[in-house]
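Colleague: Attaching a single structure in structure tokens format; questions to follow.
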Amino acid sequence: MSINWEKYGIKAPYGRSGNRKVFCPQCHDQRHDKRDKSLSINLETGEFNCHYCGFSGCAAEKEPWEKEDRPWRNAAPIRREKPVYKKPAPRQDCSSISGKALEWFKGRGISEKTLTAMKVTEGLEWMPQKNGKANTVQFNYYHNGELVNTKFRTGDKCFKLCSGAELLPYGIDNIKGTKECIITEGEMDALSFFECGRTDVVSVPNGANSNLDYLDDYLEEYFDDKETIYIASDTDTKGVVLKEELIRRFGAERCRIIEYGDGCKDANEHLQKYGRESLLKCIADAPEIKIEGVFTLSDFEQSLDALFEHGLQKGVTIGHDNFDRLCSFETKRLCIITGVPSSGKSEFIDEIAERLNIRYGWRFAYFSPENAPLEYHASKLIEKFTGKQFDKEHLTYGEYKQVKQHLETNFFFISPKSDFRVDAILERAKFLVRRKGIKVLVIDPYNRLEDESEGKNETKYISRLLDKLTNFAQQHDVLVILMAHPTKMQKNKDGEPEIPTLYDISGSANFYNKADFGIVVHRNRLENTVEIYVKKVKFRHLGECGMALFKYNLNNGRYSPFVNGTEPVWDNSNHLQEEIKRREQEAFEASQFNWDDFQPSDEECPF
Ligand SMILES: Nc1ncnc2c1ncn2[C@@H]1O[C@H](COP(=O)(O)OP(=O)(O)OP(=O)(O)O)[C@@H](O)[C@H]1O
């Protein structure tokens with residue numbers, strides 16, 4: 001639920017709760033007593049009532065996904081098979097913590113009471129970094145009172161999580177049903193807030209790693225009800241990236257950022273240096289996020305510093321060298337793709353999608369009536385992921401099941417029954433950013449959005465529409481890919497249509513002017529090749545204009561670079577299977593490695 005005070009002209013204070021008195025927009029102008037705040041409003045329920053003129057009502061509005069008439073609301077719940085996770089062995093009770101470990105925690109501001117409440121334990125554990133058993137403190141991850149994972153930490157900062165166990169926020173049971181919560185970057189920070197009496201605290205399980213896929217299973221039950229979410233990440237570069245991703249997933253309007261002051265990089269350091277009252281003050285003083293308006297340099301100082309330190313970075317690449325030299329993508333941008341009918345525009349968009357998903361885990365939302373029905377589109381994506389033709393002869397049931405499972409959590413299809421207005425599509429895309437973390441929205445094609453230009457100047461209408469897409473991309477930190485058809489092209493001497501430019505897109509030169517990336521897909525039927533023209537890259541560090549030549553594989557829809565006239569080696573490997581193996585290996589290594597600075601342990605072990 002959101003509250004739309006503006007709709008009623010009510011100026012409600014931001015970031016407050018409870019009952020307030022404000023000026024009544026209906027009668028204030030006529031009143032003699034201009035100081036009388038005659039309108040009572042409830043900031044939680046949206047109800048309002050003026051004791052002077054009787055103006056009353058409720059400004060609460062349901063979110064799109066709460067409305068009865070929204071298709072996804074009525075749809076059956078997504079069938080996602082939760083993997084079977086390993087469970088750690090039960091832990092001893094907390095009284096097993098030795099005096100030495102208690103002293104160590106005490107030195108870091110954490111009392112025995114907090115350790116007991118958070119069920120922290122101590123014990124010997126086999127640690128890969130030591131190639132043997134070592135004494136560890138154990139941060140136990142409970143869900144609904146059941147132990148589901150444990151993070152082990154030795155005195156010299158070696159870490160490991162239980163291999164094969166579920167990744168979930170630490171202390172998730174703490175925030176069930178609370179109005180607010182704090183989310184930290186590590187267990188020690190979570191214990192620090194707990195120590196101050198803020199028991200509504202959780203920690204991300206894997207430090208500053210900004211992959212938050214594990215949140216999907218917990219958003220609805222544990223985070224949707226939060227009015228305020230305090231983000232307590234570290235102040236280093238990785239912490240900033242984590243903070244940005246958390247804001248994207250929770251929505252800026254309910255996030256507040258905890259700052260620790262000069263010389264402190266995290267909550268535990270602040271607790272040790274300045275004590276509980278001061279850490280509580282950090283929460284009280286945590287600023288809201290500016291959503292729009294005026295900025296000063298300090299609002300983006302950290303990002304500017306990162307640019308200064310590391311330079312402008314190339315964006316993400318699809319892994320075809322000839323194309324990557326010309327174009328690398330980043331979020332907050334609008335990419336426009338054109339080409340004559342049946343040149344393979346949708347195919348190339350899918351190529352980009354499959355490769356960015358495999359390489360970076362980027363999730364996609366498609367509004368793609370051109371590819372309807374959805375099962376046809378999915379079958380094409382399946383061919384791209386597996387490298388196999390979509391039929392029982394080529395694809396095993398095992399591979400089919402695996403790729404379906406993958407698409408279920410990585411690709412989302414916006415396919416309304418009737419409402420094709422751009423706002424309706426963006427509303428659903430916003431939901432998918434929050435709930436599923438999509439990084440790319442594909443609109444294929446532009447002319448299937450409802451034409452709302454009637455009675456308007458077409459150029460201005462298109463200009464506004466493109467601005468809307470760019471604003472959406474920037475506000476929600478996504479890449480928007482828009483496919484748009486060109487006007488009918490002249491034929492060349494071979495009877496083939498001329499290669500269009502972005503200026504040939506029907507309606508407006510703004511398709512060129514307002515694009516951050518402009519790509520033309522051209523199928524050369526005489527040579528049986530595909531020419532991908534990068535016609536515009538707004539920022540030099542992201543690429544340059546040029547052409548990349550490909551061959552198209554009819555069997556699996558994949559593109560292979562065609563360089564120096566040599567027939568490409570067709571890539572028929574199962575990208576998904578390879579990636580899953582790689583990720584399993586990485587997860588295994590991560591579960592056995594410490595993410596913080598690994599310090600060799602010649603110092604005396606504190607516990
Ligand atoms: N280079 C190619 N060689 C052979 N077939 C191709 C090639 N590129 C695409 N195709 C096939 O042509 C058909 C149309 O492709 P696609 O839908 O990607 O084209 P499009 O440019 O998006 O079309 P439209 O303008 O109608 O939206 C698909 O069946 C696809 O498999």
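As shown in the structure tokens, the chain order sets the letters A, B, ...; within each chain, residues go from 1, and ligands are also counted from 1 in the order they appear.
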Just the residues within 12 Å of Lys401 in chain A, please, counting only C-alpha atoms, with nothing from its chain fewer than 2 positions along; format it as a VMD selection string.

Modeller: chain A and resid 80 to 81 382 386 395 to 399 403 to 408 576 to 577

Colleague: Any chance you could tabulate, as a tab-separated table, the residues of chain A at most 6 Å from ligand 1 with each one's nearest atom pair and distance in Å to one decimal, using only C-alpha atoms and all ligand atoms, in chain and rising number order?

Modeller:
residue	atom	partner	partner_atom_place_in_ligand_line	distance
A:Val340	CA	ligand 1	25 (O)	5.8
A:Pro341	CA	ligand 1	25 (O)	3.2
A:Ser342	CA	ligand 1	23 (O)	3.5
A:Ser343	CA	ligand 1	21 (O)	3.9
A:Gly344	CA	ligand 1	18 (O)	3.2
A:Lys345	CA	ligand 1	22 (O)	3.8
A:Ser346	CA	ligand 1	18 (O)	3.7
A:Glu347	CA	ligand 1	18 (O)	3.8
A:Arg523	CA	ligand 1	1 (N)	5.4
A:Val530	CA	ligand 1	1 (N)	5.4
A:Tyr552	CA	ligand 1	1 (N)	4.8

Colleague: Go ahead and dump the residues you just picked, C-alpha atoms, as a CSV table (one decimal), in the first residue's frame.

Modeller:
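Ended up saving to again.csv:
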chain,number,residue,atom,x,y,z
A,340,VAL,CA,14.3,-4.2,-41.4
A,341,PRO,CA,11.6,-6.8,-40.8
A,342,SER,CA,13.0,-10.3,-40.1
A,343,SER,CA,16.6,-9.2,-39.9
A,344,GLY,CA,16.9,-10.9,-36.6
A,345,LYS,CA,16.4,-8.0,-34.2
A,346,SER,CA,14.6,-10.1,-31.6
A,347,GLU,CA,17.1,-12.9,-32.0
A,523,ARG,CA,20.8,-9.8,-42.3
A,530,VAL,CA,24.6,-10.9,-40.0
A,552,TYR,CA,23.7,-17.2,-37.4

Colleague: Quick one: residues within 8 Å of Tyr141 in chain A, only C-alpha atoms, excluding same-chain residues fewer than 4 positions away - as an MDAnalysis selection string?

Modeller: chainID A and resid 147:151 168:172

Colleague: Create the file for the chosen residues now, containing N, CA and C atoms and written as a PDB file, in the first residue's frame.

Modeller:
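Result file is out20.pdb:
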ATOM      1  N   LEU A 147      17.893 -24.353  12.795  1.00  0.00           N
ATOM      2  CA  LEU A 147      19.238 -23.999  12.336  1.00  0.00           C
ATOM      3  C   LEU A 147      19.402 -24.388  10.860  1.00  0.00           C
ATOM      4  N   VAL A 148      19.737 -23.411   9.998  1.00  0.00           N
ATOM      5  CA  VAL A 148      19.847 -23.727   8.571  1.00  0.00           C
ATOM      6  C   VAL A 148      21.237 -23.460   8.001  1.00  0.00           C
ATOM      7  N   ASN A 149      22.040 -22.679   8.694  1.00  0.00           N
ATOM      8  CA  ASN A 149      23.407 -22.454   8.224  1.00  0.00           C
ATOM      9  C   ASN A 149      24.231 -21.942   9.403  1.00  0.00           C
ATOM     10  N   THR A 150      25.540 -21.988   9.256  1.00  0.00           N
ATOM     11  CA  THR A 150      26.430 -21.459  10.293  1.00  0.00           C
ATOM     12  C   THR A 150      27.622 -20.814   9.629  1.00  0.00           C
ATOM     13  N   LYS A 151      27.991 -19.659  10.140  1.00  0.00           N
ATOM     14  CA  LYS A 151      29.262 -19.091   9.680  1.00  0.00           C
ATOM     15  C   LYS A 151      30.291 -19.265  10.801  1.00  0.00           C
ATOM     16  N   LEU A 168      20.986 -17.185   3.501  1.00  0.00           N
ATOM     17  CA  LEU A 168      19.825 -16.372   3.885  1.00  0.00           C
ATOM     18  C   LEU A 168      20.313 -15.278   4.821  1.00  0.00           C
ATOM     19  N   PRO A 169      19.518 -14.259   5.063  1.00  0.00           N
ATOM     20  CA  PRO A 169      19.983 -13.221   5.981  1.00  0.00           C
ATOM     21  C   PRO A 169      20.176 -13.776   7.394  1.00  0.00           C
ATOM     22  N   TYR A 170      21.214 -13.319   8.057  1.00  0.00           N
ATOM     23  CA  TYR A 170      21.514 -13.737   9.427  1.00  0.00           C
ATOM     24  C   TYR A 170      20.527 -13.041  10.368  1.00  0.00           C
ATOM     25  N   GLY A 171      19.858 -13.830  11.186  1.00  0.00           N
ATOM     26  CA  GLY A 171      18.922 -13.255  12.156  1.00  0.00           C
ATOM     27  C   GLY A 171      17.554 -12.968  11.574  1.00  0.00           C
ATOM     28  N   ILE A 172      17.187 -13.684  10.518  1.00  0.00           N
ATOM     29  CA  ILE A 172      15.936 -13.373   9.812  1.00  0.00           C
ATOM     30  C   ILE A 172      14.721 -13.429  10.746  1.00  0.00           C
TER      31      ILE A 172
END

Colleague: Step one, run DSSP on the backbone; step two, keep only residues of range 7-152 of chain A assigned to helix (DSSP H, G or I); then write them as a PyMOL selection string.

Modeller: chain A and resi 7-8+28-30+64-66+71-74+94-96+99-107+112-117+128-130

Colleague: Quick one: write out the picked residues with C-alpha atoms as a PDB file, in the first residue's frame?

Modeller:
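Wrote selection_18.pdb, looks like this:
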ATOM      1  CA  LYS A   7      -3.684  13.598  -5.125  1.00  0.00           C
ATOM      2  CA  TYR A   8      -5.682  15.448  -2.436  1.00  0.00           C
ATOM      3  CA  HIS A  28      -7.085  26.975   4.525  1.00  0.00           C
ATOM      4  CA  ASP A  29      -7.167  29.808   1.968  1.00  0.00           C
ATOM      5  CA  GLN A  30     -10.540  31.050   3.237  1.00  0.00           C
ATOM      6  CA  PRO A  64      -0.286  -2.536  -8.538  1.00  0.00           C
ATOM      7  CA  TRP A  65       0.378  -6.061  -7.325  1.00  0.00           C
ATOM      8  CA  GLU A  66      -2.216  -5.694  -4.577  1.00  0.00           C
ATOM      9  CA  PRO A  71      -3.102 -10.337 -13.757  1.00  0.00           C
ATOM     10  CA  TRP A  72      -0.110 -11.357 -11.696  1.00  0.00           C
ATOM     11  CA  ARG A  73      -2.103 -10.965  -8.496  1.00  0.00           C
ATOM     12  CA  ASN A  74      -4.619 -13.552  -9.553  1.00  0.00           C
ATOM     13  CA  CYS A  94      25.688 -20.848  24.174  1.00  0.00           C
ATOM     14  CA  SER A  95      26.923 -21.567  27.686  1.00  0.00           C
ATOM     15  CA  SER A  96      29.703 -23.467  25.917  1.00  0.00           C
ATOM     16  CA  GLY A  99      35.927 -17.204  28.905  1.00  0.00           C
ATOM     17  CA  LYS A 100      38.544 -16.298  26.319  1.00  0.00           C
ATOM     18  CA  ALA A 101      35.962 -15.905  23.533  1.00  0.00           C
ATOM     19  CA  LEU A 102      33.618 -13.984  25.852  1.00  0.00           C
ATOM     20  CA  GLU A 103      36.484 -11.613  26.605  1.00  0.00           C
ATOM     21  CA  TRP A 104      37.127 -11.144  22.920  1.00  0.00           C
ATOM     22  CA  PHE A 105      33.489 -10.305  22.224  1.00  0.00           C
ATOM     23  CA  LYS A 106      33.430  -8.020  25.231  1.00  0.00           C
ATOM     24  CA  GLY A 107      36.461  -6.202  23.844  1.00  0.00           C
ATOM     25  CA  GLU A 112      27.172 -12.399  26.828  1.00  0.00           C
ATOM     26  CA  LYS A 113      23.463 -11.495  26.911  1.00  0.00           C
ATOM     27  CA  THR A 114      23.511 -10.609  23.214  1.00  0.00           C
ATOM     28  CA  LEU A 115      25.497 -13.736  22.352  1.00  0.00           C
ATOM     29  CA  THR A 116      22.935 -15.868  24.171  1.00  0.00           C
ATOM     30  CA  ALA A 117      20.001 -14.140  22.515  1.00  0.00           C
ATOM     31  CA  PRO A 128      40.135 -25.350   4.885  1.00  0.00           C
ATOM     32  CA  GLN A 129      42.417 -22.323   5.192  1.00  0.00           C
ATOM     33  CA  LYS A 130      44.185 -24.083   8.045  1.00  0.00           C
TER      34      LYS A 130
END

Colleague: CA of Ile336 in chain A and CA of Ala484 in chain A are how many Å apart?

Modeller: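 Between CA of Ile336 in chain A and CA of Ala484 in chain A the gap works out to 7.1 Å.
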
Colleague: With 10 Å as the cut-off and only C-alpha atoms counted, what is the closest atom pair between each nearby residue of range 196-233 of chain A and range 282-290 of chain A? Distances in Å to one decimal, ordered by chain and number, as JSON lines.

Modeller:
{"residue": "A:Arg198", "atom": "CA", "partner": "A:Ile283", "partner_atom": "CA", "distance": 9.7}
{"residue": "A:Thr228", "atom": "CA", "partner": "A:Glu288", "partner_atom": "CA", "distance": 9.7}
{"residue": "A:Tyr230", "atom": "CA", "partner": "A:Ile283", "partner_atom": "CA", "distance": 7.5}
{"residue": "A:Ile231", "atom": "CA", "partner": "A:Ala286", "partner_atom": "CA", "distance": 9.0}
{"residue": "A:Ala232", "atom": "CA", "partner": "A:Ile283", "partner_atom": "CA", "distance": 9.1}

Colleague: Include N, CA and C atoms and write out the residues we just selected as a PDB file, in the first residue's frame.

Modeller:
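Saved result, out17.pdb, follows:
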ATOM      1  N   ARG A 198      18.464  -2.706  19.555  1.00  0.00           N
ATOM      2  CA  ARG A 198      17.762  -2.820  18.277  1.00  0.00           C
ATOM      3  C   ARG A 198      17.807  -4.288  17.844  1.00  0.00           C
ATOM      4  N   THR A 228      10.322   1.328   7.288  1.00  0.00           N
ATOM      5  CA  THR A 228      11.667   1.894   7.139  1.00  0.00           C
ATOM      6  C   THR A 228      12.696   0.781   7.211  1.00  0.00           C
ATOM      7  N   TYR A 230      16.761   0.420   7.494  1.00  0.00           N
ATOM      8  CA  TYR A 230      18.029   1.113   7.690  1.00  0.00           C
ATOM      9  C   TYR A 230      19.140   0.272   7.073  1.00  0.00           C
ATOM     10  N   ILE A 231      19.878   0.886   6.179  1.00  0.00           N
ATOM     11  CA  ILE A 231      20.959   0.138   5.538  1.00  0.00           C
ATOM     12  C   ILE A 231      22.267   0.506   6.224  1.00  0.00           C
ATOM     13  N   ALA A 232      22.908  -0.527   6.770  1.00  0.00           N
ATOM     14  CA  ALA A 232      24.121  -0.298   7.554  1.00  0.00           C
ATOM     15  C   ALA A 232      25.274  -1.060   6.913  1.00  0.00           C
TER      16      ALA A 232
END

Colleague: Quote the spacing between CA of Lys535 in chain A and CA of Phe562 in chain A in Å to one decimal place.

Modeller: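 Distance reported for this atom pair: 19.4 Å.
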
Colleague: Could you name the residues that touch Val534 in chain A at 7 Å or less, counting only C-alpha atoms, but leaving out those on the same chain fewer than 6 positions away, as a list of chain:residue names?

Modeller: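 Near Val534 in chain A, the qualifying residues are A:Leu326, A:Gly518, A:Ile519, A:Val520, A:Cys545, A:Gly546, A:Met547.
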
Colleague: I want to know what sits within 8 Å of range 131-139 of chain A, based on only C-alpha atoms, with residues of the same chain fewer than 3 positions away left out; could you give that as a short mmCIF file (atom, residue, chain, number, x, y, z; two decimals) with C-alpha atoms, in the first residue's frame?

Modeller:
data_model
loop_
_atom_site.label_atom_id
_atom_site.label_comp_id
_atom_site.auth_asym_id
_atom_site.auth_seq_id
_atom_site.Cartn_x
_atom_site.Cartn_y
_atom_site.Cartn_z
CA ALA A 101 35.96 -15.91 23.53
CA LYS A 119 22.60 -18.15 19.88
CA VAL A 120 26.27 -17.65 19.09
CA THR A 121 28.35 -20.72 19.95
CA GLU A 122 31.98 -21.82 19.99
CA GLY A 123 33.63 -25.07 18.96
CA LEU A 124 36.24 -26.90 16.94
CA GLU A 125 35.67 -26.94 13.20
CA TRP A 126 37.64 -28.16 10.21
CA MET A 127 38.80 -25.02 8.43
CA PRO A 128 40.14 -25.35 4.89
CA THR A 150 26.43 -21.46 10.29
CA LYS A 151 29.26 -19.09 9.68
CA PHE A 152 32.47 -20.15 11.40
CA ARG A 153 35.13 -17.64 12.28
CA THR A 154 38.55 -18.33 13.73
CA GLY A 155 40.42 -15.93 15.93
CA GLU A 187 27.27 -10.58 11.80
CA PHE A 607 40.06 -17.33 21.44
#

Colleague: Residues within 10 Å of range 296-312 of chain A, please, as a ChimeraX atom specification. Count only C-alpha atoms; anything in the same chain fewer than 4 positions from it doesn't count.

Modeller: /A:235-237,240-241,289-290,539-542
